Amino acid sequence: MTKMLLTVALLCASLSLQGIGSAHASSNASQPDQVIQWNRTLLQILQTPSAQPATIHPTRSMAIVHLAIYDAVNAIRGGHAPYLVLHAPRNVSPEAAAAAAAHTALLSLFPNQQSVIDAKFQDSLSQIGGGAHVREGIRVGKEAANAILAARADDGSDSTPPVFVPQSGPGEYQLTPPNFKQPVFTNWPDVRPFALETGDQFRPPPPPAVTSPRSTTDFDEIKSLGEINSTTRSADQTDIGRFWGAAPVQNVWNQIAQTAGMSFDNSLEQNARMFALLDTSLADGVIALYDSKYAYHRWRPVTAVRAADNDGNPDTTGDPNWTPLAVTALDPSYAGAHAEISQSAAAILRDFFGTDRVDFSLTNPGLPGIVRSFQSFSQASDEAAASRIYAGQHFRYDEDAGQALGDEVGDFVFDNILGPVPHGR
């Protein structure tokens with residue numbers, strides 16, 4: 001197999017991927033299709049400071065953009081169920097429809113990035129050309145984007161996040177050092193999902209009691225492996241903890257999907273469907289994991305270890321100076337976000353390609369010398385989950401719950417939206 005290297009400027013990681021089995025390098029690897037090009041632009045914008053409002057989770061924007069692209073392309077090419085009903089003639093440009101859908105959605109979501117978005121649209125049109133079929137494709141793309149934007153206008157994402165008031169007692173989430181800031185996305189459990197019926201549809205069972213054997217085992221593990229100066233964490237585990245915390249994990253999985261789509265030589269319509277499924281799963285998974293976080297409000301390891309002498313568990317020993325490898329994320333610990341997001345992404349990609357087996361490597365220009373290599377989507381997902389233990393962010397039971405939730409969300413999304421339809425329409 002030929003190894004294909006794809007480096008994306010300004011984004012979180014450069015990726016190399018070598019496909020196994022049916023995968024092969026795209027014959028047009030130097031010029032990916034409009035879906036991948038606009039996904040790159042989307043990720044570039046999301047990496048721009050203040051482009052995304054702080055109270056809006058970026059996975060919502062990802063899903064809106066890619067569902068718009070999908071509906072526009074699918075309305076022309078057919079073959080799968082629409083997300084929202086949209087009709088279009090077959091003899092128009094699906095490339096122009098994809099570009100116009102992305103352009104329209106992005107302008108609405110990121111108006112302060114208009115110069116970047118408009119420049120990319122002009123670049124796309126220079127590739128696609130002109131004519132009536134392009135003009136009609138642009139019309140279809142705009143219609144698709146405006147439909148999904150209208151459908152999401154009242155989804156609850158613009159509500160004011162309520163102030164979190166910590167409760168007292170062992171296991172209860174407390175604001176975390178060093179800055180003891182308010183937790184984030186406290187409103188997100190009430191955002192209307194894209195595909196799930198409700199945010200609590202797959203809510204995990206409660207975390208183990210603080211005095212339980214499982215809690216004790218996981219406490220001892222995180223206290224040992226997650227401490228900033230741990231002598232039990234290996235150098236490789238330290239690399240893992242640093243690597244997966246260096247970039248938004250949903251961006252990494254979108255870049256993995258970009259490279260997988262090129263390696264498997266996806267068509268335009270296949271990429272449109274793949275990204276729509278992937279980012280819908282990520283968006284709904286984030287709603288579901290925040291439902292879990294604020295339903296159970298379980299404390300973070302930094303709180304648990306420092307307070308262990310007063311947690312009612314005689315088998316745990318506290319350390320008031322314990323500090324994790326990474327600064328603790330600003331939300332409760334259960335379920336783990338990296339675990340859920342990575343597992344739902346891996347489930348979608350596995351279901352879409354019909355295989356979990358694929359070789360790929362990840363690097364991050366901000367962490368020179370660290371290369372993470374995998375032989376399957378699920379191996380990468382497992383490492384992403386374990387990374388949060390090595391970083392001192394999560395107990396293992398957080399990660400197990402996150403992965404179970406991710407599996408359920410990913411499989412549900414794949415099985416319930418954008419499926420094949422008979423007779424190609």
# chains A, B, ... in the order shown; residues from 1 in each chain; ligands from 1
>>> residues_around(residues="Ala380 of chain A", least_positions_apart="4", cutoff="10 Å", atoms="only C-alpha atoms", output="number ranges by chain")
A: 253, 342-343, 346, 360-362, 372-376, 384-386
>>> residues_around(residues="Val73 of chain A", least_positions_apart="2", cutoff="12 Å", atoms="only C-alpha atoms", output="PyMOL selection string")
chain A and resi 34-35+66-71+75-83+86-102+137-145+267-273+276
>>> closest_atom_pairs(of="segment 265-383 of chain A", to="segment 183-192 of chain A", cutoff="7 Å", atoms="only C-alpha atoms", output="JSON lines")
{"residue": "A:Ile287", "atom": "CA", "partner": "A:Pro189", "partner_atom": "CA", "distance": 5.4}
{"residue": "A:Ala288", "atom": "CA", "partner": "A:Pro189", "partner_atom": "CA", "distance": 6.7}
{"residue": "A:Tyr290", "atom": "CA", "partner": "A:Pro189", "partner_atom": "CA", "distance": 5.4}
{"residue": "A:Asp291", "atom": "CA", "partner": "A:Pro189", "partner_atom": "CA", "distance": 4.3}
{"residue": "A:Leu330", "atom": "CA", "partner": "A:Pro183", "partner_atom": "CA", "distance": 4.6}
{"residue": "A:Asp331", "atom": "CA", "partner": "A:Pro183", "partner_atom": "CA", "distance": 4.7}
>>> residues_around(residues="Val165 of chain A", least_positions_apart="2", cutoff="12 Å", atoms="only C-alpha atoms", output="list in words")
Pro162, Val163, Gln167, Ser168, Glu172, Tyr173, Gln174, Leu175, Lys181, Gln182, Pro183, Thr186, Tyr294 and His297 of chain A
>>> write_last_selection(atoms="C-alpha atoms", output="PDB file, in the first residue's frame")
ATOM      1  CA  PRO A 162     -27.308  28.550  34.324  1.00  0.00           C
ATOM      2  CA  VAL A 163     -24.845  29.166  37.129  1.00  0.00           C
ATOM      3  CA  GLN A 167     -23.406  20.651  46.448  1.00  0.00           C
ATOM      4  CA  SER A 168     -21.534  19.428  49.506  1.00  0.00           C
ATOM      5  CA  GLU A 172     -19.888  16.146  44.449  1.00  0.00           C
ATOM      6  CA  TYR A 173     -18.303  18.304  41.747  1.00  0.00           C
ATOM      7  CA  GLN A 174     -16.488  21.365  43.039  1.00  0.00           C
ATOM      8  CA  LEU A 175     -14.883  24.181  41.072  1.00  0.00           C
ATOM      9  CA  LYS A 181     -13.925  28.950  37.268  1.00  0.00           C
ATOM     10  CA  GLN A 182     -17.588  28.154  36.643  1.00  0.00           C
ATOM     11  CA  PRO A 183     -18.170  24.947  34.652  1.00  0.00           C
ATOM     12  CA  THR A 186     -24.447  23.955  31.783  1.00  0.00           C
ATOM     13  CA  TYR A 294     -24.963  17.570  35.039  1.00  0.00           C
ATOM     14  CA  HIS A 297     -22.202  16.156  38.914  1.00  0.00           C
TER      15      HIS A 297
END
